[in-house]
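So this block is start38.txt, compact mmCIF, C-alpha atoms:
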```
# COMPACT_ATOMS: atom_id res chain seq x y z
CA MET A 452 3.07 37.28 10.12
CA ASP A 453 6.18 35.14 10.65
CA THR A 454 8.69 36.86 8.36
CA ALA A 455 10.91 33.77 8.15
CA ALA A 456 7.99 31.72 6.89
CA SER A 457 6.83 34.43 4.50
CA ALA A 458 10.28 34.47 2.92
CA GLN A 459 10.02 30.85 1.85
CA PRO A 460 9.82 30.18 -1.91
CA ALA A 461 6.42 29.57 -3.46
CA ALA A 462 7.35 25.89 -3.94
CA ALA A 463 7.12 25.43 -0.18
CA TYR A 464 3.41 26.14 -0.45
CA GLY A 465 2.67 23.87 -3.38
CA LYS A 466 3.69 25.94 -6.43
CA ARG A 467 6.04 23.46 -8.01
CA THR A 468 7.99 23.44 -11.22
CA GLY A 469 8.80 20.51 -13.44
CA ILE A 470 5.43 18.77 -13.10
CA PRO A 471 2.49 18.86 -15.52
CA ARG A 472 0.22 21.87 -15.15
CA ARG A 473 -2.80 19.69 -14.31
CA LEU A 474 -1.01 18.43 -11.18
CA GLN A 475 0.24 21.75 -9.83
CA GLY A 476 -2.95 22.42 -7.93
CA ILE A 477 -2.73 19.07 -6.11
CA LEU A 478 -1.14 19.84 -2.78
CA SER A 479 -1.86 16.71 -0.75
CA LEU A 480 -2.75 13.05 -1.12
CA GLU A 481 -6.34 13.91 -0.26
CA ASP A 482 -6.46 16.19 -3.31
CA PHE A 483 -5.65 13.16 -5.47
CA GLU A 484 -8.66 11.34 -4.01
CA HIS A 485 -10.99 14.20 -4.93
CA ALA A 486 -9.55 14.32 -8.45
CA ALA A 487 -9.88 10.55 -8.86
CA ARG A 488 -13.52 10.61 -7.80
CA ALA A 489 -14.27 12.89 -10.74
CA HIS A 490 -11.99 11.00 -13.14
CA LEU A 491 -12.90 7.34 -12.56
CA PRO A 492 -16.15 5.51 -13.29
CA ARG A 493 -18.18 5.00 -10.14
CA PRO A 494 -17.57 1.22 -9.89
CA LEU A 495 -13.78 1.62 -10.13
CA PHE A 496 -13.57 4.51 -7.68
CA GLY A 497 -15.85 2.61 -5.32
CA TYR A 498 -13.66 -0.48 -5.53
CA ILE A 499 -10.56 1.49 -4.54
CA ALA A 500 -12.16 3.72 -1.91
CA GLY A 501 -14.51 1.23 -0.30
CA ALA A 502 -14.05 -1.15 2.58
CA ALA A 503 -16.04 -3.88 4.30
CA GLU A 504 -19.58 -3.56 5.67
CA ASP A 505 -19.99 -0.31 7.66
CA ASN A 506 -16.46 1.02 6.99
CA THR A 507 -15.77 0.98 10.74
CA SER A 508 -12.17 -0.21 10.38
CA LEU A 509 -11.59 2.21 7.51
CA ARG A 510 -12.47 5.11 9.83
CA VAL A 511 -10.60 3.68 12.82
CA ASN A 512 -7.43 3.32 10.75
CA ARG A 513 -7.34 7.09 10.29
CA ALA A 514 -8.54 7.95 13.77
CA ALA A 515 -5.76 5.91 15.40
CA PHE A 516 -3.18 8.45 14.26
CA GLN A 517 -5.04 11.16 16.18
CA ASP A 518 -4.31 9.32 19.44
CA TYR A 519 -0.71 10.48 19.23
CA GLY A 520 0.73 13.98 19.34
CA PHE A 521 4.28 15.03 18.62
CA ARG A 522 6.72 16.20 21.28
CA THR A 523 8.98 18.57 19.40
CA ARG A 524 12.57 19.53 20.20
CA VAL A 525 13.72 23.01 19.23
CA MET A 526 17.05 24.66 18.46
CA VAL A 527 18.45 21.46 17.02
CA ASP A 528 20.72 21.63 13.96
CA VAL A 529 18.68 19.67 11.41
CA SER A 530 20.42 21.00 8.32
CA GLN A 531 21.82 17.54 7.48
CA ARG A 532 18.57 15.61 7.93
CA HIS A 533 17.66 12.69 5.67
CA GLN A 534 14.95 10.04 5.66
CA LYS A 535 16.85 7.09 4.24
CA THR A 536 15.81 3.69 5.54
CA THR A 537 17.42 0.29 5.00
CA VAL A 538 15.24 -2.81 4.63
CA PHE A 539 16.49 -6.24 3.53
CA GLY A 540 19.88 -4.77 2.70
CA THR A 541 18.49 -2.09 0.36
CA THR A 542 18.62 1.57 1.30
CA TYR A 543 15.50 3.47 0.30
CA GLN A 544 15.22 7.24 0.08
CA SER A 545 12.15 7.39 2.35
CA PRO A 546 10.50 5.17 4.98
CA PHE A 547 7.34 4.64 2.92
CA GLY A 548 6.35 2.66 -0.14
CA ILE A 549 3.47 1.67 -2.41
CA ALA A 550 1.16 -1.07 -1.16
CA PRO A 551 -0.37 -3.58 -3.60
CA VAL A 552 -3.59 -2.45 -5.29
CA GLY A 553 -5.52 -4.90 -7.44
CA ILE A 554 -6.62 -4.36 -11.06
CA SER A 555 -4.67 -1.09 -11.18
CA ALA A 556 -4.26 -1.29 -14.97
CA ILE A 557 -7.98 -0.73 -15.51
CA SER A 558 -8.00 2.41 -13.32
CA ALA A 559 -4.73 3.82 -14.68
CA TYR A 560 -3.20 3.09 -18.07
CA ARG A 561 -0.57 0.36 -17.50
CA GLY A 562 -1.12 0.93 -13.80
CA ASP A 563 1.15 -1.82 -12.45
CA LEU A 564 4.07 -0.55 -14.54
CA VAL A 565 3.33 3.06 -13.63
CA LEU A 566 3.38 2.36 -9.89
CA ALA A 567 6.50 0.20 -10.02
CA THR A 568 8.59 2.44 -12.26
CA ALA A 569 7.65 5.60 -10.36
CA ALA A 570 8.66 3.96 -7.09
CA GLU A 571 11.96 2.74 -8.52
CA ARG A 572 12.84 6.16 -9.87
CA GLU A 573 12.00 7.80 -6.55
CA GLY A 574 13.91 5.24 -4.49
CA VAL A 575 11.00 3.74 -2.53
CA PRO A 576 9.64 0.16 -2.56
CA ALA A 577 6.54 -0.86 -4.48
CA ILE A 578 4.62 -4.10 -4.03
CA MET A 579 2.96 -5.47 -7.17
CA SER A 580 -0.46 -6.96 -6.57
CA GLY A 581 -1.19 -10.60 -7.38
CA THR A 582 -4.61 -9.40 -8.57
CA SER A 583 -2.97 -7.55 -11.43
CA LEU A 584 -3.64 -7.24 -15.14
CA ILE A 585 -0.06 -6.95 -16.44
CA LYS A 586 2.30 -9.91 -16.46
CA MET A 587 4.63 -9.99 -13.48
CA GLU A 588 7.55 -10.64 -15.82
CA ASP A 589 6.97 -7.31 -17.59
CA VAL A 590 6.97 -5.39 -14.33
CA ALA A 591 10.05 -7.19 -13.00
CA ARG A 592 11.98 -6.26 -16.15
CA ALA A 593 10.90 -2.61 -16.01
CA ALA A 594 11.44 -2.16 -12.26
CA PRO A 595 13.64 -4.95 -10.85
CA SER A 596 13.43 -3.71 -7.25
CA THR A 597 9.65 -4.31 -7.10
CA TRP A 598 8.30 -6.72 -4.47
CA PHE A 599 5.56 -9.18 -5.45
CA GLN A 600 2.43 -9.83 -3.40
CA ALA A 601 0.57 -13.13 -3.76
CA TYR A 602 -2.64 -14.60 -2.46
CA LEU A 603 -2.08 -18.29 -1.91
CA PRO A 604 -4.24 -20.35 -4.26
CA GLY A 605 -6.93 -22.32 -2.47
CA ASP A 606 -5.90 -25.29 -4.60
CA VAL A 607 -2.62 -26.11 -2.89
CA SER A 608 -1.39 -28.00 -5.92
CA LYS A 609 -1.01 -24.60 -7.62
CA ILE A 610 1.11 -22.98 -4.89
CA ASP A 611 4.49 -24.40 -5.91
CA ALA A 612 4.03 -23.45 -9.55
CA LEU A 613 3.11 -19.89 -8.61
CA VAL A 614 6.13 -19.52 -6.32
CA GLU A 615 8.39 -20.93 -9.03
CA ARG A 616 7.03 -18.41 -11.53
CA ILE A 617 7.63 -15.49 -9.13
CA ASP A 618 11.18 -16.70 -8.57
CA ALA A 619 11.84 -17.13 -12.28
CA ALA A 620 10.54 -13.62 -12.96
CA GLY A 621 13.35 -12.27 -10.78
CA PHE A 622 11.53 -10.94 -7.72
CA LYS A 623 13.66 -10.90 -4.58
CA THR A 624 10.90 -10.20 -2.06
CA LEU A 625 7.67 -12.21 -1.86
CA VAL A 626 4.80 -10.78 0.17
CA LEU A 627 2.10 -13.28 1.14
CA THR A 628 -1.22 -11.73 2.09
CA VAL A 629 -2.56 -14.01 4.81
CA ASP A 630 -5.75 -12.30 6.03
CA ILE A 631 -8.18 -13.64 3.40
CA PRO A 632 -9.46 -17.05 4.50
CA VAL A 633 -12.76 -15.96 2.92
CA TRP A 634 -13.84 -12.96 0.86
CA ALA A 635 -15.11 -9.99 2.81
CA ASN A 636 -18.63 -8.61 2.76
CA ARG A 637 -18.05 -5.58 0.53
CA GLU A 638 -21.53 -4.22 0.07
CA ASN A 639 -20.13 -1.08 -1.50
CA ASN A 640 -19.04 -3.12 -4.52
CA VAL A 641 -22.60 -4.28 -5.07
CA ARG A 642 -23.98 -0.77 -4.67
CA THR A 643 -21.53 0.73 -7.18
CA GLY A 644 -21.92 -2.09 -9.70
CA PHE A 645 -18.40 -3.45 -9.31
CA SER A 646 -17.48 -7.10 -9.80
CA MET A 647 -14.45 -9.14 -10.85
CA PRO A 648 -14.64 -9.70 -13.76
CA LEU A 649 -16.60 -6.56 -14.60
CA ARG A 650 -19.98 -7.36 -16.16
CA PRO A 651 -20.92 -5.22 -19.19
CA SER A 652 -24.06 -3.16 -18.56
CA LEU A 653 -25.72 0.06 -19.64
CA GLY A 654 -24.78 1.62 -16.32
CA LEU A 655 -21.12 0.73 -16.73
CA ALA A 656 -21.15 2.06 -20.30
CA TRP A 657 -22.72 5.34 -19.19
CA ASP A 658 -20.17 5.72 -16.38
CA GLY A 659 -17.42 5.47 -18.97
CA LEU A 660 -19.03 7.82 -21.49
CA VAL A 661 -19.37 10.66 -18.97
CA ARG A 662 -15.68 10.32 -18.05
CA PRO A 663 -14.00 10.72 -21.44
CA ARG A 664 -10.46 11.16 -20.12
CA TRP A 665 -10.58 7.75 -18.45
CA LEU A 666 -12.53 6.18 -21.34
CA VAL A 667 -10.05 7.27 -24.01
CA GLY A 668 -6.84 7.51 -22.01
CA THR A 669 -7.13 4.25 -20.09
CA PHE A 670 -9.92 1.96 -21.28
CA LEU A 671 -9.86 2.35 -25.07
CA ARG A 672 -6.11 2.86 -25.16
CA THR A 673 -5.59 -0.39 -23.25
CA PHE A 674 -7.84 -2.40 -25.53
CA ALA A 675 -6.40 -0.85 -28.68
CA LEU A 676 -2.75 -1.41 -27.79
CA HIS A 677 -2.83 -4.50 -25.55
CA GLY A 678 -6.14 -6.26 -26.05
CA MET A 679 -8.46 -7.55 -23.36
CA PRO A 680 -6.85 -7.34 -19.88
CA HIS A 681 -6.70 -10.63 -18.00
CA PHE A 682 -5.89 -11.58 -14.42
CA GLU A 683 -2.31 -12.47 -15.23
CA ASN A 684 -0.67 -13.37 -11.93
CA SER A 685 -3.05 -15.14 -9.57
CA PHE A 686 -1.59 -18.47 -10.66
CA ALA A 687 1.29 -19.76 -12.77
CA THR A 688 -1.00 -19.46 -15.79
CA ARG A 689 -3.24 -16.73 -17.17
CA GLY A 690 -6.61 -16.23 -15.51
CA ALA A 691 -10.01 -14.83 -16.47
CA PRO A 692 -10.54 -11.70 -18.58
CA MET A 693 -11.22 -8.45 -16.75
CA LEU A 694 -14.42 -7.70 -18.67
CA SER A 695 -16.84 -10.55 -19.36
CA SER A 696 -20.52 -11.35 -19.13
CA SER A 697 -19.88 -15.03 -18.38
CA ALA A 698 -16.29 -15.69 -17.24
CA ILE A 699 -15.79 -16.72 -13.62
CA ARG A 700 -12.57 -15.92 -11.79
CA ASP A 701 -11.12 -18.88 -9.89
CA THR A 702 -11.36 -17.89 -6.22
CA THR A 703 -11.39 -21.34 -4.68
CA GLY A 704 -11.77 -21.06 -0.91
CA ARG A 705 -8.66 -20.48 1.18
CA ASP A 706 -10.21 -21.33 4.52
CA HIS A 707 -8.23 -24.57 4.83
CA LEU A 708 -4.81 -22.92 4.46
CA ASN A 709 -2.63 -22.93 7.57
CA TRP A 710 0.91 -22.37 8.86
CA SER A 711 2.17 -25.59 7.28
CA HIS A 712 1.74 -23.95 3.87
CA ILE A 713 3.88 -21.01 5.01
CA GLU A 714 6.52 -23.45 6.23
CA ALA A 715 6.57 -25.17 2.85
CA ILE A 716 6.96 -21.87 1.01
CA ARG A 717 9.74 -20.81 3.36
CA ARG A 718 11.65 -23.98 2.49
CA ARG A 719 11.20 -23.37 -1.24
CA TRP A 720 11.60 -19.58 -1.41
CA SER A 721 15.19 -18.37 -0.94
CA GLY A 722 14.43 -14.64 -1.18
CA ASN A 723 12.92 -12.30 1.39
CA LEU A 724 9.59 -13.62 2.71
CA VAL A 725 7.07 -11.15 4.14
CA LEU A 726 3.67 -11.95 5.66
CA LYS A 727 1.07 -9.21 5.23
CA GLY A 728 -2.07 -9.00 7.34
CA ILE A 729 -0.71 -9.67 10.86
CA LEU A 730 -2.68 -8.10 13.73
CA ASN A 731 -1.98 -10.53 16.56
CA GLU A 732 1.17 -10.88 18.66
CA ARG A 733 0.89 -14.67 18.64
CA ASP A 734 0.77 -14.72 14.84
CA ALA A 735 3.75 -12.38 14.72
CA ARG A 736 5.77 -14.71 16.92
CA ARG A 737 4.78 -17.69 14.78
CA ALA A 738 5.76 -15.88 11.60
CA ALA A 739 9.15 -14.97 13.04
CA SER A 740 9.75 -18.51 14.28
CA LEU A 741 9.08 -19.87 10.79
CA GLY A 742 11.72 -17.60 9.32
CA ALA A 743 9.66 -14.74 7.90
CA ASP A 744 12.08 -11.94 7.06
CA GLY A 745 9.37 -9.36 7.59
CA ILE A 746 5.74 -8.83 8.52
CA ILE A 747 3.32 -6.09 7.58
CA VAL A 748 0.93 -5.16 10.37
CA SER A 749 -2.27 -4.58 8.42
CA ASN A 750 -6.04 -4.97 8.45
CA HIS A 751 -6.16 -4.81 4.64
CA GLY A 752 -7.11 -1.15 4.71
CA GLY A 753 -10.36 -2.05 6.44
CA ARG A 754 -11.36 -4.21 3.49
CA GLN A 755 -11.66 -7.56 5.28
CA LEU A 756 -12.98 -7.85 8.86
CA ASP A 757 -14.96 -4.73 9.69
CA GLY A 758 -14.20 -3.94 13.31
CA ALA A 759 -10.62 -5.21 13.15
CA ALA A 760 -8.16 -3.25 15.27
CA ALA A 761 -6.25 -0.45 13.60
CA PRO A 762 -2.72 -1.56 12.68
CA LEU A 763 -1.26 1.47 14.46
CA GLU A 764 -2.87 0.21 17.68
CA MET A 765 -1.21 -3.18 17.33
CA LEU A 766 2.11 -2.01 15.93
CA PRO A 767 3.97 -1.25 19.20
CA ARG A 768 2.81 -4.50 20.78
CA ILE A 769 4.03 -6.53 17.80
CA VAL A 770 7.33 -4.63 17.63
CA ASP A 771 7.81 -5.39 21.32
CA GLN A 772 7.34 -9.10 20.64
CA VAL A 773 9.27 -9.64 17.39
CA GLY A 774 10.99 -6.40 16.41
CA HIS A 775 14.35 -7.90 17.39
CA GLN A 776 13.77 -10.93 15.13
CA THR A 777 12.14 -9.67 11.97
CA VAL A 778 11.45 -6.47 10.04
CA VAL A 779 8.12 -5.03 11.20
CA MET A 780 6.27 -2.80 8.72
CA MET A 781 2.70 -1.52 8.54
CA ASP A 782 -0.02 -0.18 6.26
CA SER A 783 -3.62 1.06 6.50
CA GLY A 784 -4.78 4.61 7.11
CA VAL A 785 -1.59 6.52 6.29
CA ARG A 786 -2.26 9.80 4.48
CA ARG A 787 0.29 12.35 5.73
CA GLY A 788 3.99 12.57 6.42
CA GLY A 789 3.13 12.95 10.09
CA ASP A 790 1.36 9.58 9.94
CA VAL A 791 4.50 8.00 8.47
CA LEU A 792 6.62 9.40 11.30
CA LYS A 793 4.17 8.28 13.99
CA ALA A 794 4.33 4.73 12.61
CA VAL A 795 8.14 4.86 12.48
CA ALA A 796 8.23 6.19 16.04
CA LEU A 797 6.14 3.21 17.15
CA GLY A 798 8.52 0.75 15.52
CA ALA A 799 7.67 0.42 11.82
CA ARG A 800 10.71 0.10 9.57
CA MET A 801 8.64 0.81 6.44
CA VAL A 802 5.13 2.20 5.99
CA PHE A 803 2.95 1.42 2.96
CA LEU A 804 0.10 3.33 1.30
CA GLY A 805 -2.21 1.92 -1.36
CA ARG A 806 -5.27 4.03 -2.19
CA PRO A 807 -3.52 7.44 -2.44
CA PHE A 808 -0.93 6.22 -4.93
CA MET A 809 -3.61 4.46 -6.96
CA TYR A 810 -5.57 7.71 -7.17
CA ALA A 811 -2.39 9.49 -8.27
CA ALA A 812 -1.75 6.90 -11.00
CA ALA A 813 -5.32 7.18 -12.28
CA VAL A 814 -5.25 10.97 -12.42
CA GLY A 815 -1.69 11.60 -13.55
CA GLY A 816 0.06 8.38 -14.58
CA GLU A 817 3.70 8.09 -13.59
CA ASP A 818 3.97 11.87 -13.18
CA GLY A 819 1.07 11.70 -10.74
CA VAL A 820 2.63 8.93 -8.66
CA ARG A 821 5.98 10.70 -8.54
CA HIS A 822 4.23 13.92 -7.51
CA ALA A 823 2.40 12.04 -4.74
CA ILE A 824 5.70 10.56 -3.52
CA THR A 825 7.25 14.03 -3.53
CA LEU A 826 4.35 15.52 -1.58
CA LEU A 827 4.60 12.84 1.09
CA ARG A 828 8.41 13.01 1.16
CA ASP A 829 8.29 16.77 1.63
CA GLU A 830 5.85 16.38 4.52
CA VAL A 831 8.15 13.84 6.18
CA ASP A 832 11.09 16.19 5.69
CA ARG A 833 9.36 19.24 7.17
CA ASN A 834 8.03 17.29 10.11
CA MET A 835 11.45 15.82 10.86
CA ALA A 836 12.89 19.34 10.98
CA MET A 837 10.21 20.50 13.38
CA LEU A 838 10.66 17.39 15.52
CA GLY A 839 14.39 18.06 15.76
CA ALA A 840 15.27 14.75 14.06
CA ASN A 841 18.07 14.25 11.55
CA SER A 842 17.39 10.61 10.66
CA MET A 843 14.91 7.81 11.16
CA HIS A 844 17.10 6.58 14.05
CA GLU A 845 16.01 9.65 15.99
CA VAL A 846 12.28 9.19 15.33
CA THR A 847 11.36 7.07 18.36
CA ALA A 848 8.55 6.78 20.88
CA GLU A 849 10.18 9.67 22.75
CA CYS A 850 8.84 11.91 19.97
CA LEU A 851 5.23 11.06 20.84
CA VAL A 852 2.71 11.69 23.57
CA ASN A 853 -0.29 9.40 23.84
CA ARG A 854 -3.46 11.44 24.16
CA ARG A 855 -5.48 8.48 25.44
CA ALA A 856 -3.02 8.09 28.30
CA ALA A 857 -3.46 11.76 29.18
CA CYS A 858 -7.22 11.11 29.42
CA GLY A 859 -6.73 8.08 31.66
CA THR A 860 -7.05 5.43 28.95
CA PRO A 861 -4.17 2.92 29.14
CA PRO A 862 -1.95 3.26 26.06
CA PRO A 863 -0.58 0.29 24.16
CA ALA A 864 2.88 -0.94 25.06
CA MET A 865 5.69 1.13 23.58
CA PRO A 866 8.28 -0.67 21.48
CA ARG A 867 11.69 -1.63 22.71
CA ALA A 868 14.75 0.11 21.30
CA ARG A 869 15.50 -1.30 17.87
CA ASP A 870 18.20 -1.36 15.23
CA ILE A 871 16.89 0.47 12.15
CA ALA A 872 20.02 0.03 10.03
```

What is this structure when it is put down as structure tokens?
Amino acid sequence: MDTAASAQPAAAYGKRTGIPRRLQGILSLEDFEHAARAHLPRPLFGYIAGAAEDNTSLRVNRAAFQDYGFRTRVMVDVSQRHQKTTVFGTTYQSPFGIAPVGISAISAYRGDLVLATAAEREGVPAIMSGTSLIKMEDVARAAPSTWFQAYLPGDVSKIDALVERIDAAGFKTLVLTVDIPVWANRENNVRTGFSMPLRPSLGLAWDGLVRPRWLVGTFLRTFALHGMPHFENSFATRGAPMLSSSAIRDTTGRDHLNWSHIEAIRRRWSGNLVLKGILNERDARRAASLGADGIIVSNHGGRQLDGAAAPLEMLPRIVDQVGHQTVVMMDSGVRRGGDVLKAVALGARMVFLGRPFMYAAAVGGEDGVRHAITLLRDEVDRNMAMLGANSMHEVTAECLVNRRAACGTPPPAMPRARDIA
């Protein structure tokens, strides 16, 4: 046995103090997923966990990280290491944040507030979903550093009013998700009985009854204290209720939207503008030329086009094209601190995770989300030490070896040197 390792405190192996007892056995983000599967009704867990069609992109997103191994450096003084990262003039404590997750307040009590406040207290960014059930103004007041994600209304006459509302609420960073010209084929939603709005049924009622912690702690508590949840932020006005046998959510087609709408928003919006859902170098160049302050390389967590390339595959190519012009970030498939560092090494300035933090919120509320952030932060810290890196500046492509290249498969282009400050 390695005596140095055996001398480490129990906390290094997951025994932590200062967190609720029910969370002390959760040692990784994957543990939160297992706990959430038992905690949430089947339709809600299926909505979060599922992806499009055959889940091909969902699997590829994870597999892409296995294409890269770490090249470690030893005997480096890493006693002063830190993982601070600066994006849009704000210094965050870690190079990862919380991606937008829709209808979070029905899976976790006051989910949008829980995610945003936990992120703010831990010094990482959180992106509030436009498909949310708590008013954006409430979240902006509770956690002013939160970014807001919007789906552009298909009715273009509603775009200006929505942007004006986001501005008036006080958000400084607007994230436009641009990869939904049409809704995806999510067969898993049909199989698990999920819809938006949720349709009352005996099956849905039974799913709630056999999960009393969620039923009492989230569902009944929400209705008792706040009334029927509604889609609050898709437009400038309130939308449909979350639970209804007859209401129809306005999802007017977006297939006619184009770059001219982005140009118009850029002229109107004075804050940071980020486009989420970029997988193509040409689109990245267009976004940068229109003045996007940032882009998020993403395939929507595999929830849109099944078979879409993994964002990690496209990341170095996009960084090579526009990394000197705009802030390049990514999401999809990240589950470990090592994944975060691989994305940073390939050029990402910030890395976002959605599902794992949503599971943490459902299982443990704000304590759960903060515990999940700590777990991931600790993994990043340990891996930096073993890589011989003291800061994100030192986590570059030189830290990686491409396993596909070693097997004769041409690797993607590596990113140019970049300014991370």

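Of note, atom CA of A:Val852 and atom CA of A:Pro762 are spaced 18.0 Å apart.
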
Query raised in the report: Using all atoms listed in the file, which residue out of A:Pro576, A:Gly668, A:Gly839, A:Gly540 lies closest to A:Trp598?
Result: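 Closest to A:Trp598, using all atoms listed in the file: A:Pro576.
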
Query - Contact residues around stretch 722-724 of chain A with only C-alpha atoms at 10 Å, ignoring same-chain residues under 4 positions, as a PyMOL selection string - result: chain A and resi 539+598+618+621-627+713+716-717+738+742-746

Let me see the file: selected residues, C-alpha atoms, as a tab-separated table (two decimals), keeping the file's coordinate frame.
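Final output, again-v2.tsv:
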```
chain	number	residue	atom	x	y	z
A	539	PHE	CA	16.49	-6.24	3.53
A	598	TRP	CA	8.30	-6.72	-4.47
A	618	ASP	CA	11.18	-16.70	-8.57
A	621	GLY	CA	13.35	-12.27	-10.78
A	622	PHE	CA	11.53	-10.94	-7.72
A	623	LYS	CA	13.66	-10.90	-4.58
A	624	THR	CA	10.90	-10.20	-2.06
A	625	LEU	CA	7.67	-12.21	-1.86
A	626	VAL	CA	4.80	-10.78	0.17
A	627	LEU	CA	2.10	-13.28	1.14
A	713	ILE	CA	3.88	-21.01	5.01
A	716	ILE	CA	6.96	-21.87	1.01
A	717	ARG	CA	9.74	-20.81	3.36
A	738	ALA	CA	5.76	-15.88	11.60
A	742	GLY	CA	11.72	-17.60	9.32
A	743	ALA	CA	9.66	-14.74	7.90
A	744	ASP	CA	12.08	-11.94	7.06
A	745	GLY	CA	9.37	-9.36	7.59
A	746	ILE	CA	5.74	-8.83	8.52
```

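Closest approach to A:Ala550 among A:Met801, A:Ala489, A:Cys850, A:Met843 is made by A:Met801 (distances from all atoms listed in the file).
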
**Report entry** Residues near A:Ala591, cut-off 10 Å, all atoms listed in the file, skip fewer than 2 positions along chain, as a PyMOL selection string
**Finding:** chain A and resi 564+567-568+579+586-589+593-599+617+620-623

Requested in this report: Could you check which of A:Leu584, A:Ser783, A:Tyr519, A:Asp832 is closest to A:Leu851, using all atoms listed in the file?
Outcome: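 Of A:Leu584, A:Ser783, A:Tyr519, A:Asp832, the one nearest A:Leu851, counting all atoms listed in the file, is A:Tyr519.
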